[in-house]
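Data block for data-v9.pdb (PDB, C-alpha atoms):
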ATOM      1  CA  MET A   1     -57.720 -97.237 -20.915
ATOM      2  CA  LYS A   2     -59.781 -95.522 -18.241
ATOM      3  CA  ALA A   3     -59.472 -91.795 -17.589
ATOM      4  CA  GLN A   4     -57.651 -92.210 -14.272
ATOM      5  CA  GLU A   5     -55.257 -94.773 -15.718
ATOM      6  CA  LEU A   6     -54.432 -92.418 -18.576
ATOM      7  CA  ALA A   7     -53.963 -89.532 -16.154
ATOM      8  CA  ASP A   8     -51.651 -91.640 -13.975
ATOM      9  CA  GLU A   9     -49.590 -92.577 -17.006
ATOM     10  CA  ILE A  10     -49.257 -88.914 -18.043
ATOM     11  CA  GLN A  11     -48.144 -87.767 -14.608
ATOM     12  CA  LYS A  12     -45.882 -90.738 -13.864
ATOM     13  CA  PRO A  13     -42.675 -88.660 -14.393
ATOM     14  CA  PHE A  14     -43.724 -86.429 -11.495
ATOM     15  CA  LYS A  15     -44.550 -89.213  -9.025
ATOM     16  CA  GLY A  16     -42.586 -89.944  -5.850
ATOM     17  CA  ASP A  17     -39.663 -88.303  -4.107
ATOM     18  CA  ASP A  18     -37.636 -88.337  -7.299
ATOM     19  CA  GLY A  19     -40.413 -86.751  -9.304
ATOM     20  CA  ARG A  20     -39.476 -83.960 -11.687
ATOM     21  CA  ARG A  21     -40.321 -80.372 -10.831
ATOM     22  CA  THR A  22     -39.633 -78.875 -14.222
ATOM     23  CA  ILE A  23     -41.107 -79.068 -17.704
ATOM     24  CA  ALA A  24     -38.916 -76.361 -19.208
ATOM     25  CA  ASN A  25     -37.410 -78.622 -21.880
ATOM     26  CA  ASP A  26     -40.118 -81.260 -22.009
ATOM     27  CA  SER A  27     -41.531 -82.093 -25.441
ATOM     28  CA  HIS A  28     -45.011 -82.242 -23.878
ATOM     29  CA  ARG A  29     -44.717 -78.912 -22.102
ATOM     30  CA  LYS A  30     -47.652 -77.403 -23.996
ATOM     31  CA  GLN A  31     -49.931 -80.307 -23.064
ATOM     32  CA  TYR A  32     -48.941 -80.116 -19.394
ATOM     33  CA  LEU A  33     -49.740 -76.411 -19.335
ATOM     34  CA  GLU A  34     -53.123 -77.034 -20.951
ATOM     35  CA  ILE A  35     -53.913 -79.560 -18.211
ATOM     36  CA  ILE A  36     -52.902 -77.080 -15.502
ATOM     37  CA  GLU A  37     -55.011 -74.383 -17.133
ATOM     38  CA  ARG A  38     -58.079 -76.607 -16.874
ATOM     39  CA  PHE A  39     -57.669 -76.850 -13.093
ATOM     40  CA  ASN A  40     -59.290 -73.418 -12.747
ATOM     41  CA  ASN A  41     -62.232 -74.114 -15.023
ATOM     42  CA  PRO A  42     -65.354 -73.237 -12.978
ATOM     43  CA  GLU A  43     -67.357 -76.081 -14.531
ATOM     44  CA  ASP A  44     -65.091 -79.120 -14.471
ATOM     45  CA  GLY A  45     -61.896 -77.906 -12.822
ATOM     46  CA  HIS A  46     -62.463 -80.145  -9.804
ATOM     47  CA  ILE A  47     -62.548 -83.208 -12.054
ATOM     48  CA  TRP A  48     -59.218 -82.314 -13.646
ATOM     49  CA  ARG A  49     -57.651 -81.626 -10.257
ATOM     50  CA  ASN A  50     -58.739 -85.067  -9.022
ATOM     51  CA  LEU A  51     -57.514 -86.841 -12.137
ATOM     52  CA  PHE A  52     -54.137 -85.087 -12.102
ATOM     53  CA  SER A  53     -53.679 -84.723  -8.353
ATOM     54  CA  ILE A  54     -49.893 -85.129  -8.534
ATOM     55  CA  ILE A  55     -49.508 -82.385 -11.124
ATOM     56  CA  ASN A  56     -51.959 -80.241  -9.178
ATOM     57  CA  GLN A  57     -49.796 -80.515  -6.043
ATOM     58  CA  ILE A  58     -46.651 -79.336  -7.801
ATOM     59  CA  ARG A  59     -48.145 -77.008 -10.385
ATOM     60  CA  PRO A  60     -46.504 -73.846  -8.926
ATOM     61  CA  TYR A  61     -43.096 -75.447  -9.525
ATOM     62  CA  LEU A  62     -44.062 -76.568 -13.009
ATOM     63  CA  MET A  63     -45.425 -73.159 -13.937
ATOM     64  CA  LEU A  64     -42.284 -71.373 -12.785
ATOM     65  CA  SER A  65     -40.039 -73.912 -14.472
ATOM     66  CA  VAL A  66     -41.148 -72.813 -17.943
ATOM     67  CA  ILE A  67     -39.994 -69.271 -17.229
ATOM     68  CA  ASP A  68     -36.357 -69.488 -18.172
ATOM     69  CA  SER A  69     -35.213 -65.863 -17.903
ATOM     70  CA  PRO A  70     -34.513 -63.979 -14.639
ATOM     71  CA  GLN A  71     -36.452 -60.982 -15.937
ATOM     72  CA  SER A  72     -39.557 -63.065 -16.600
ATOM     73  CA  GLN A  73     -39.296 -64.732 -13.202
ATOM     74  CA  GLU A  74     -39.051 -61.330 -11.539
ATOM     75  CA  SER A  75     -42.179 -60.218 -13.395
ATOM     76  CA  ILE A  76     -44.053 -63.307 -12.213
ATOM     77  CA  PHE A  77     -42.977 -62.712  -8.615
ATOM     78  CA  THR A  78     -44.235 -59.129  -8.885
ATOM     79  CA  ILE A  79     -47.629 -60.333 -10.083
ATOM     80  CA  MET A  80     -47.737 -62.930  -7.304
ATOM     81  CA  LYS A  81     -47.532 -60.115  -4.755
ATOM     82  CA  VAL A  82     -50.848 -58.687  -5.997
ATOM     83  CA  GLU A  83     -53.518 -59.721  -3.492
ATOM     84  CA  ASP A  84     -56.527 -58.032  -5.094
ATOM     85  CA  GLU A  85     -58.370 -60.760  -7.027
ATOM     86  CA  ILE A  86     -60.182 -58.288  -9.261
ATOM     87  CA  LYS A  87     -56.891 -56.659 -10.184
ATOM     88  CA  LEU A  88     -55.381 -60.062 -10.958
ATOM     89  CA  GLN A  89     -58.341 -60.877 -13.197
ATOM     90  CA  LYS A  90     -57.824 -57.610 -15.033
ATOM     91  CA  ILE A  91     -54.125 -58.376 -15.484
ATOM     92  CA  ALA A  92     -54.971 -61.810 -16.876
ATOM     93  CA  ALA A  93     -57.615 -60.429 -19.244
ATOM     94  CA  LEU A  94     -55.250 -57.714 -20.408
ATOM     95  CA  ALA A  95     -52.464 -60.223 -21.045
ATOM     96  CA  GLU A  96     -54.764 -62.149 -23.387
ATOM     97  CA  ASP A  97     -55.929 -59.073 -25.271
ATOM     98  CA  PRO A  98     -54.385 -58.896 -28.772
ATOM     99  CA  ASN A  99     -54.094 -55.115 -28.337
ATOM    100  CA  PHE A 100     -52.108 -55.479 -25.108
ATOM    101  CA  ASP A 101     -49.148 -53.290 -26.110
ATOM    102  CA  ARG A 102     -51.356 -50.556 -27.532
ATOM    103  CA  ILE A 103     -53.613 -50.540 -24.461
ATOM    104  CA  VAL A 104     -50.630 -50.207 -22.124
ATOM    105  CA  THR A 105     -49.015 -47.482 -24.231
ATOM    106  CA  LEU A 106     -52.191 -45.430 -24.621
ATOM    107  CA  GLY A 107     -53.081 -45.942 -20.967
ATOM    108  CA  LYS A 108     -49.726 -44.628 -19.793
ATOM    109  CA  GLU A 109     -49.938 -41.696 -22.192
ATOM    110  CA  ALA A 110     -53.419 -40.798 -20.928
ATOM    111  CA  LEU A 111     -52.273 -41.020 -17.304
ATOM    112  CA  GLU A 112     -49.215 -38.863 -17.953
ATOM    113  CA  LYS A 113     -51.371 -36.314 -19.779
ATOM    114  CA  GLU A 114     -53.706 -36.173 -16.787
ATOM    115  CA  GLU A 115     -50.739 -35.727 -14.445
ATOM    116  CA  ARG A 116     -49.356 -32.913 -16.613
ATOM    117  CA  GLU A 117     -52.707 -31.140 -16.650
ATOM    118  CA  ASN A 118     -53.109 -31.494 -12.888
ATOM    119  CA  ASN A 119     -49.582 -30.200 -12.278
ATOM    120  CA  ASP A 120     -50.218 -27.252 -14.611
ATOM    121  CA  ILE A 121     -53.363 -26.393 -12.682
ATOM    122  CA  GLU A 122     -51.546 -26.585  -9.352
ATOM    123  CA  PHE A 123     -48.820 -24.272 -10.656
ATOM    124  CA  LYS A 124     -51.397 -21.731 -11.809
ATOM    125  CA  LYS A 125     -53.105 -21.894  -8.420
ATOM    126  CA  LYS A 126     -49.746 -21.316  -6.753
ATOM    127  CA  LEU A 127     -48.954 -18.391  -9.046
ATOM    128  CA  GLY A 128     -52.329 -16.805  -8.320
ATOM    129  CA  ALA A 129     -51.831 -17.262  -4.586
ATOM    130  CA  ILE A 130     -48.364 -15.660  -4.746
ATOM    131  CA  VAL A 131     -49.615 -12.680  -6.776
ATOM    132  CA  GLU A 132     -52.463 -12.275  -4.310
ATOM    133  CA  GLU A 133     -50.182 -12.514  -1.276
ATOM    134  CA  ILE A 134     -47.628 -10.004  -2.591
ATOM    135  CA  LEU A 135     -50.249  -7.457  -3.627
ATOM    136  CA  GLN A 136     -52.083  -7.737  -0.316
ATOM    137  CA  LYS A 137     -48.844  -7.232   1.574
ATOM    138  CA  GLU A 138     -47.496  -4.344  -0.508
ATOM    139  CA  LEU A 139     -50.857  -2.573  -0.859
ATOM    140  CA  ASN A 140     -51.932  -3.117   2.715
ATOM    141  CA  ASP A 141     -51.867   0.617   3.484
ATOM    142  CA  ILE A 142     -54.367   1.515   0.759
ATOM    143  CA  LEU A 143     -56.573  -1.571   0.603
ATOM    144  CA  ASN A 144     -58.261  -0.791   3.908
ATOM    145  CA  GLY A 145     -61.544  -2.698   3.778
ATOM    146  CA  ASN A 146     -61.228  -3.628   0.112
ATOM    147  CA  THR A 147     -60.759  -7.320  -0.645
ATOM    148  CA  LEU A 148     -58.200  -8.514  -3.171
ATOM    149  CA  GLU A 149     -57.890 -12.015  -4.596
ATOM    150  CA  ALA A 150     -56.488 -13.775  -7.666
ATOM    151  CA  PRO A 151     -58.219 -17.159  -7.940
ATOM    152  CA  LEU A 152     -57.744 -19.778 -10.633
ATOM    153  CA  VAL A 153     -60.687 -19.814 -13.019
ATOM    154  CA  ARG A 154     -61.336 -22.914 -15.127
ATOM    155  CA  ASN A 155     -64.443 -22.683 -17.262
ATOM    156  CA  GLU A 156     -65.449 -22.616 -20.891
ATOM    157  CA  GLN A 157     -66.841 -19.100 -20.685
ATOM    158  CA  GLY A 158     -63.556 -17.320 -19.952
ATOM    159  CA  GLY A 159     -60.337 -16.905 -21.869
ATOM    160  CA  GLN A 160     -57.916 -16.713 -18.964
ATOM    161  CA  ASP A 161     -56.549 -18.735 -16.052
ATOM    162  CA  LEU A 162     -56.407 -16.115 -13.301
ATOM    163  CA  ILE A 163     -58.664 -13.155 -12.570
ATOM    164  CA  LEU A 164     -57.461 -10.450 -10.221
ATOM    165  CA  LYS A 165     -60.487  -9.187  -8.324
ATOM    166  CA  ILE A 166     -61.100  -6.193  -6.089
ATOM    167  CA  ASN A 167     -64.215  -6.529  -3.958
ATOM    168  CA  ASN A 168     -65.121  -9.540  -6.117
ATOM    169  CA  LEU A 169     -65.073  -7.424  -9.297
ATOM    170  CA  PRO A 170     -62.650  -8.436 -12.099
ATOM    171  CA  VAL A 171     -59.912  -5.874 -12.696
ATOM    172  CA  TYR A 172     -57.224  -7.886 -14.495
ATOM    173  CA  TYR A 173     -56.960 -11.138 -16.443
ATOM    174  CA  ILE A 174     -53.905 -13.398 -16.680
ATOM    175  CA  GLU A 175     -53.456 -16.340 -19.040
ATOM    176  CA  VAL A 176     -50.616 -18.700 -18.060
ATOM    177  CA  LYS A 177     -48.722 -20.776 -20.627
ATOM    178  CA  SER A 178     -45.862 -23.143 -19.786
ATOM    179  CA  ARG A 179     -43.348 -24.087 -22.457
ATOM    180  CA  TRP A 180     -41.471 -27.315 -21.711
ATOM    181  CA  SER A 181     -39.797 -27.926 -25.060
ATOM    182  CA  SER A 182     -37.542 -25.588 -27.027
ATOM    183  CA  ASP A 183     -39.175 -26.638 -30.298
ATOM    184  CA  ARG A 184     -42.625 -25.509 -29.187
ATOM    185  CA  SER A 185     -44.176 -22.064 -29.319
ATOM    186  CA  VAL A 186     -46.729 -20.555 -26.978
ATOM    187  CA  LEU A 187     -50.242 -21.039 -28.341
ATOM    188  CA  MET A 188     -53.418 -19.162 -27.451
ATOM    189  CA  THR A 189     -56.854 -20.597 -28.129
ATOM    190  CA  THR A 190     -59.633 -18.837 -29.997
ATOM    191  CA  LEU A 191     -61.317 -17.728 -26.776
ATOM    192  CA  GLN A 192     -58.066 -16.582 -25.188
ATOM    193  CA  HIS A 193     -57.212 -14.570 -28.297
ATOM    194  CA  ARG A 194     -60.596 -12.858 -28.375
ATOM    195  CA  THR A 195     -60.633 -12.161 -24.645
ATOM    196  CA  SER A 196     -57.141 -10.668 -24.855
ATOM    197  CA  TYR A 197     -58.060  -7.949 -27.352
ATOM    198  CA  GLN A 198     -61.503  -7.357 -25.857
ATOM    199  CA  GLU A 199     -59.883  -6.769 -22.452
ATOM    200  CA  LYS A 200     -56.562  -5.482 -23.791
ATOM    201  CA  GLU A 201     -56.173  -2.749 -21.169
ATOM    202  CA  HIS A 202     -56.207  -5.297 -18.369
ATOM    203  CA  TYR A 203     -55.096  -8.614 -19.823
ATOM    204  CA  ALA A 204     -51.629 -10.203 -19.775
ATOM    205  CA  LEU A 205     -50.072 -13.391 -21.058
ATOM    206  CA  CYS A 206     -47.682 -15.117 -18.659
ATOM    207  CA  ALA A 207     -45.138 -17.306 -20.457
ATOM    208  CA  ALA A 208     -43.251 -19.729 -18.225
ATOM    209  CA  ASP A 209     -40.108 -20.968 -19.970
ATOM    210  CA  MET A 210     -39.571 -24.387 -18.384
ATOM    211  CA  THR A 211     -37.070 -25.677 -20.941
ATOM    212  CA  SER A 212     -34.307 -25.510 -18.317
ATOM    213  CA  PHE A 213     -36.047 -28.254 -16.331
ATOM    214  CA  LEU A 214     -35.934 -31.071 -18.885
ATOM    215  CA  GLU A 215     -35.843 -33.796 -16.242
ATOM    216  CA  ARG A 216     -39.252 -32.593 -15.047
ATOM    217  CA  ALA A 217     -40.820 -32.140 -18.479
ATOM    218  CA  ARG A 218     -42.522 -35.516 -18.921
ATOM    219  CA  LYS A 219     -44.972 -34.927 -16.074
ATOM    220  CA  HIS A 220     -44.689 -31.121 -15.850
ATOM    221  CA  GLU A 221     -43.280 -31.302 -12.340
ATOM    222  CA  TYR A 222     -42.754 -27.697 -11.300
ATOM    223  CA  PRO A 223     -39.846 -26.801  -8.998
ATOM    224  CA  PRO A 224     -40.321 -24.293  -6.147
ATOM    225  CA  PHE A 225     -41.500 -20.857  -7.263
ATOM    226  CA  GLU A 226     -38.184 -19.281  -6.271
ATOM    227  CA  GLN A 227     -36.539 -21.289  -9.053
ATOM    228  CA  ILE A 228     -39.257 -20.485 -11.586
ATOM    229  CA  GLU A 229     -39.646 -16.739 -11.036
ATOM    230  CA  CYS A 230     -36.719 -15.766 -13.263
ATOM    231  CA  HIS A 231     -38.202 -17.891 -16.055
ATOM    232  CA  LEU A 232     -41.512 -15.996 -16.090
ATOM    233  CA  MET A 233     -42.253 -13.301 -18.643
ATOM    234  CA  PHE A 234     -45.468 -11.282 -18.686
ATOM    235  CA  ILE A 235     -46.740  -9.626 -21.871
ATOM    236  CA  PRO A 236     -49.191  -6.945 -20.705
ATOM    237  CA  ASN A 237     -49.814  -5.681 -24.249
ATOM    238  CA  ILE A 238     -50.698  -9.082 -25.703
ATOM    239  CA  GLY A 239     -54.224  -7.829 -26.386
ATOM    240  CA  GLU A 240     -52.886  -5.011 -28.537
ATOM    241  CA  LEU A 241     -50.585  -7.413 -30.369
ATOM    242  CA  ASN A 242     -53.482  -9.790 -30.971
ATOM    243  CA  SER A 243     -55.732  -7.016 -32.276
ATOM    244  CA  ARG A 244     -54.062  -7.144 -35.693
ATOM    245  CA  LEU A 245     -55.730 -10.527 -36.272
ATOM    246  CA  LYS A 246     -59.143  -9.419 -35.065
ATOM    247  CA  ASP A 247     -60.835  -8.632 -38.392
ATOM    248  CA  ALA A 248     -59.880 -11.952 -39.961
ATOM    249  CA  THR A 249     -61.295 -13.964 -37.063
ATOM    250  CA  LEU A 250     -64.671 -12.283 -36.596
ATOM    251  CA  ASP A 251     -67.705 -14.387 -37.506
ATOM    252  CA  ASN A 252     -68.759 -12.178 -40.392
ATOM    253  CA  ASP A 253     -70.721 -14.047 -43.053
ATOM    254  CA  SER A 254     -70.314 -11.188 -45.504
ATOM    255  CA  GLN A 255     -66.524 -11.588 -45.575
ATOM    256  CA  VAL A 256     -63.972 -14.338 -45.860
ATOM    257  CA  HIS A 257     -62.798 -15.122 -42.332
ATOM    258  CA  ILE A 258     -61.010 -17.701 -40.202
ATOM    259  CA  ALA A 259     -63.266 -20.316 -38.642
ATOM    260  CA  GLY A 260     -63.508 -20.770 -34.892
ATOM    261  CA  GLY A 261     -61.159 -23.239 -33.278
ATOM    262  CA  TYR A 262     -58.018 -21.530 -34.538
ATOM    263  CA  GLN A 263     -54.885 -21.040 -32.449
ATOM    264  CA  VAL A 264     -52.634 -18.002 -32.251
ATOM    265  CA  ILE A 265     -48.863 -18.469 -32.101
ATOM    266  CA  VAL A 266     -46.900 -16.160 -29.825
ATOM    267  CA  PRO A 267     -43.255 -16.500 -30.974
ATOM    268  CA  GLN A 268     -40.373 -16.429 -28.524
ATOM    269  CA  ASP A 269     -39.014 -13.278 -30.165
ATOM    270  CA  VAL A 270     -42.281 -11.488 -29.374
ATOM    271  CA  ILE A 271     -42.129 -12.664 -25.764
ATOM    272  CA  ALA A 272     -38.514 -11.490 -25.476
ATOM    273  CA  GLU A 273     -39.324  -8.080 -26.979
ATOM    274  CA  HIS A 274     -42.531  -7.304 -25.118
ATOM    275  CA  GLY A 275     -42.214  -9.384 -21.952
ATOM    276  CA  ILE A 276     -41.526  -7.954 -18.508
ATOM    277  CA  SER A 277     -40.326  -9.678 -15.348
ATOM    278  CA  PHE A 278     -42.540 -10.944 -12.544
ATOM    279  CA  ARG A 279     -41.462  -8.086 -10.281
ATOM    280  CA  ASN A 280     -42.199  -5.463 -12.937
ATOM    281  CA  PHE A 281     -45.569  -7.066 -13.579
ATOM    282  CA  ILE A 282     -46.409  -6.863  -9.879
ATOM    283  CA  ASP A 283     -45.532  -3.150  -9.972
ATOM    284  CA  LEU A 284     -47.778  -2.710 -13.016
ATOM    285  CA  LEU A 285     -50.687  -4.341 -11.168
ATOM    286  CA  LYS A 286     -50.043  -2.186  -8.111
ATOM    287  CA  GLY A 287     -50.268   0.940 -10.244
ATOM    288  CA  LYS A 288     -53.597  -0.114 -11.739
ATOM    289  CA  ILE A 289     -55.046  -1.040  -8.352
ATOM    290  CA  LYS A 290     -53.964   2.255  -6.792
ATOM    291  CA  LYS A 291     -55.764   4.188  -9.528
ATOM    292  CA  MET A 292     -58.935   2.260  -8.767
ATOM    293  CA  ILE A 293     -58.875   2.596  -4.995
ATOM    294  CA  VAL A 294     -57.197   5.916  -4.230
TER     295      VAL A 294
END
Go ahead and render the structure in this file as structure tokens.
Amino acid sequence: MKAQELADEIQKPFKGDDGRRTIANDSHRKQYLEIIERFNNPEDGHIWRNLFSIINQIRPYLMLSVIDSPQSQESIFTIMKVEDEIKLQKIAALAEDPNFDRIVTLGKEALEKEERENNDIEFKKKLGAIVEEILQKELNDILNGNTLEAPLVRNEQGGQDLILKINNLPVYYIEVKSRWSSDRSVLMTTLQHRTSYQEKEHYALCAADMTSFLERARKHEYPPFEQIECHLMFIPNIGELNSRLKDATLDNDSQVHIAGGYQVIVPQDVIAEHGISFRNFIDLLKGKIKKMIV
């Protein structure tokens, strides 16, 4: 039997006005799908399309017919709306990858982590801007020509998030930590710990207790500052508290010591005992600035 005759015999059930448009329960469903798959082969796809022209004309119906659940059909319709060919190719390649589920899970986790980090940074910028604005307003009479700013600082050389500056000179350091889960403590890195006791007279830890905003926790979506202010606690003596660990963390080869890369836990009880409100912290900063300028 010639190739075309064989092809005509295979696609006979689909011929004419009464031709079938479904292969959902067909015993040869797998073979039909393999034929349809060959239509897109860059080397000989045109040959297969010519041989099985009837199947080629109704292949969208046949493809959809094997999807027997409404959820699966909805997923297919969603994919069909994608117009970007490169994106479609990526979807197809991903669907064939044996690590599909793991790739999707890890990809989502990485994206959410990035979103959390970006939202944390934006909150710290906002906090710095608010501190700066309040101090400028309330110290306007004594600032005169002196400049005051509290920019976000993100670099590997510092151990803080915000630096309060007068005339571009650092006068106070603020490290901001947000706690989104009640089972987590506030942690300070090695560099933050060391900076805190080295600059203990002008260094504070800001602990933002965000556990009341559980619905926003997954992406660290911060509500307006007015809602957050009462959840902020500032520990201006964190450097003094951290000093007790200093000797054990110094890089001293003549003594047993803790290696770099350690983290310091700041328990909630310590925050509750030594923390002050945002308003009281602003007053503390005002007092320090006045001593410098006046």
Applied to this file, what does the PyMOL selection byres ((chain A and resi 286) around 12) return in terms of residues, put as a VMD selection string? chain A and resid 131 to 132 134 to 140 142 to 143 148 164 166 171 to 172 279 to 285 287 to 294
Go ahead and save the residues from that selection, with C-alpha atoms, as a tab-separated table (two decimals), in the frame of the given file.
chain	number	residue	atom	x	y	z
A	131	VAL	CA	-49.62	-12.68	-6.78
A	132	GLU	CA	-52.46	-12.28	-4.31
A	134	ILE	CA	-47.63	-10.00	-2.59
A	135	LEU	CA	-50.25	-7.46	-3.63
A	136	GLN	CA	-52.08	-7.74	-0.32
A	137	LYS	CA	-48.84	-7.23	1.57
A	138	GLU	CA	-47.50	-4.34	-0.51
A	139	LEU	CA	-50.86	-2.57	-0.86
A	140	ASN	CA	-51.93	-3.12	2.72
A	142	ILE	CA	-54.37	1.52	0.76
A	143	LEU	CA	-56.57	-1.57	0.60
A	148	LEU	CA	-58.20	-8.51	-3.17
A	164	LEU	CA	-57.46	-10.45	-10.22
A	166	ILE	CA	-61.10	-6.19	-6.09
A	171	VAL	CA	-59.91	-5.87	-12.70
A	172	TYR	CA	-57.22	-7.89	-14.50
A	279	ARG	CA	-41.46	-8.09	-10.28
A	280	ASN	CA	-42.20	-5.46	-12.94
A	281	PHE	CA	-45.57	-7.07	-13.58
A	282	ILE	CA	-46.41	-6.86	-9.88
A	283	ASP	CA	-45.53	-3.15	-9.97
A	284	LEU	CA	-47.78	-2.71	-13.02
A	285	LEU	CA	-50.69	-4.34	-11.17
A	287	GLY	CA	-50.27	0.94	-10.24
A	288	LYS	CA	-53.60	-0.11	-11.74
A	289	ILE	CA	-55.05	-1.04	-8.35
A	290	LYS	CA	-53.96	2.26	-6.79
A	291	LYS	CA	-55.76	4.19	-9.53
A	292	MET	CA	-58.94	2.26	-8.77
A	293	ILE	CA	-58.88	2.60	-5.00
A	294	VAL	CA	-57.20	5.92	-4.23
So that each row is one residue of range 238-286 of chain A with an atom at most 10 Å from range 207-218 of chain A, can you give its shortest atom pair and the distance in Å to one decimal, using all atoms listed in the file, rows by chain and rising number, as a Markdown table?
| residue | atom | partner | partner_atom | distance |
| --- | --- | --- | --- | --- |
| A:Val266 | CA | A:Ala207 | CA | 9.6 |
| A:Gln268 | CA | A:Ala207 | CA | 9.4 |
| A:Ile271 | CA | A:Ala207 | CA | 7.7 |
| A:Gly275 | CA | A:Ala207 | CA | 8.6 |
The PyMOL selection byres ((chain A and resi 238-252) around 8) applied to the shown file, residues as an mmCIF file with C-alpha atoms, in the frame of the given file:
data_model
loop_
_atom_site.group_PDB
_atom_site.id
_atom_site.type_symbol
_atom_site.label_atom_id
_atom_site.label_comp_id
_atom_site.auth_asym_id
_atom_site.auth_seq_id
_atom_site.Cartn_x
_atom_site.Cartn_y
_atom_site.Cartn_z
ATOM 1 C CA HIS A 193 -57.212 -14.570 -28.297
ATOM 2 C CA ARG A 194 -60.596 -12.858 -28.375
ATOM 3 C CA THR A 195 -60.633 -12.161 -24.645
ATOM 4 C CA SER A 196 -57.141 -10.668 -24.855
ATOM 5 C CA TYR A 197 -58.060 -7.949 -27.352
ATOM 6 C CA GLN A 198 -61.503 -7.357 -25.857
ATOM 7 C CA GLU A 199 -59.883 -6.769 -22.452
ATOM 8 C CA LYS A 200 -56.562 -5.482 -23.791
ATOM 9 C CA GLU A 201 -56.173 -2.749 -21.169
ATOM 10 C CA TYR A 203 -55.096 -8.614 -19.823
ATOM 11 C CA ALA A 204 -51.629 -10.203 -19.775
ATOM 12 C CA LEU A 205 -50.072 -13.391 -21.058
ATOM 13 C CA ILE A 235 -46.740 -9.626 -21.871
ATOM 14 C CA PRO A 236 -49.191 -6.945 -20.705
ATOM 15 C CA ASN A 237 -49.814 -5.681 -24.249
ATOM 16 C CA ASP A 253 -70.721 -14.047 -43.053
ATOM 17 C CA SER A 254 -70.314 -11.188 -45.504
ATOM 18 C CA GLN A 255 -66.524 -11.588 -45.575
ATOM 19 C CA VAL A 256 -63.972 -14.338 -45.860
ATOM 20 C CA HIS A 257 -62.798 -15.122 -42.332
ATOM 21 C CA ILE A 258 -61.010 -17.701 -40.202
ATOM 22 C CA ALA A 259 -63.266 -20.316 -38.642
ATOM 23 C CA GLY A 260 -63.508 -20.770 -34.892
#
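In this model, the gap between CA of Cys230 in chain A and CA of Ile121 in chain A comes to 19.8 Å.
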Centre, x/y/z edge lengths, axis-aligned box for range 237-244 of chain A with 4 Å per side, as lines of an AutoDock Vina configuration file:
center_x = -52.8
center_y = -7.4
center_z = -30.0
size_x = 13.9
size_y = 12.8
size_z = 19.4
For the file shown, what are the residues hit by the PyMOL selection byres ((chain A and resi 57-62) around 8), laid out as a CSV table (one decimal) with C-alpha atoms, keeping the file's coordinate frame?
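Output below, filename out30.csv:
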chain,number,residue,atom,x,y,z
A,21,ARG,CA,-40.3,-80.4,-10.8
A,22,THR,CA,-39.6,-78.9,-14.2
A,23,ILE,CA,-41.1,-79.1,-17.7
A,36,ILE,CA,-52.9,-77.1,-15.5
A,53,SER,CA,-53.7,-84.7,-8.4
A,54,ILE,CA,-49.9,-85.1,-8.5
A,55,ILE,CA,-49.5,-82.4,-11.1
A,56,ASN,CA,-52.0,-80.2,-9.2
A,63,MET,CA,-45.4,-73.2,-13.9
A,64,LEU,CA,-42.3,-71.4,-12.8
A,65,SER,CA,-40.0,-73.9,-14.5
A,66,VAL,CA,-41.1,-72.8,-17.9
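Counting from CA of Ile276 in chain A, the distance to CA of Leu232 in chain A is 8.4 Å.
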Let me make sure I understand: among A:Tyr32, A:Phe52, A:Phe39, A:Trp180, which one has the smallest atom-to-atom distance to Leu6 in chain A if we use all atoms listed in the file? A:Phe52
Shortest interatomic distance to Ile67 in chain A - which of A:Glu37, A:Asn25, A:Asp183, A:Ile47, counting all atoms listed in the file: A:Asn25
Could you check how far CA of Arg116 in chain A sits from CA of Cys206 in chain A, in Å to one decimal?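 Here the two named atoms are 18.0 Å from each other.
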Would you list the contacts of Ile163 in chain A as a PyMOL selection string, taking every protein, DNA or RNA residue within 9 Å and counting all atoms listed in the file, but skipping same-chain residues closer than 4 positions in sequence? chain A and resi 128+149-153+170-175
Any chance you can output those residues with C-alpha atoms as an mmCIF file, keeping the file's coordinate frame?
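See part-v3.cif below for the written result:
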data_model
loop_
_atom_site.group_PDB
_atom_site.id
_atom_site.type_symbol
_atom_site.label_atom_id
_atom_site.label_comp_id
_atom_site.auth_asym_id
_atom_site.auth_seq_id
_atom_site.Cartn_x
_atom_site.Cartn_y
_atom_site.Cartn_z
ATOM 1 C CA GLY A 128 -52.329 -16.805 -8.320
ATOM 2 C CA GLU A 149 -57.890 -12.015 -4.596
ATOM 3 C CA ALA A 150 -56.488 -13.775 -7.666
ATOM 4 C CA PRO A 151 -58.219 -17.159 -7.940
ATOM 5 C CA LEU A 152 -57.744 -19.778 -10.633
ATOM 6 C CA VAL A 153 -60.687 -19.814 -13.019
ATOM 7 C CA PRO A 170 -62.650 -8.436 -12.099
ATOM 8 C CA VAL A 171 -59.912 -5.874 -12.696
ATOM 9 C CA TYR A 172 -57.224 -7.886 -14.495
ATOM 10 C CA TYR A 173 -56.960 -11.138 -16.443
ATOM 11 C CA ILE A 174 -53.905 -13.398 -16.680
ATOM 12 C CA GLU A 175 -53.456 -16.340 -19.040
#
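Ranking A:His46, A:His220, A:Arg102, A:Lys125 by their shortest atom-to-atom distance to Ser181 in chain A, with only C-alpha atoms included, puts A:His220 first.
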I'd like the neighbourhood of Gln4 in chain A as a count of residues only, where a residue qualifies if any of its atoms comes within 10 Å (using all atoms listed in the file), though same-chain residues fewer than 3 positions away should be ignored. 8
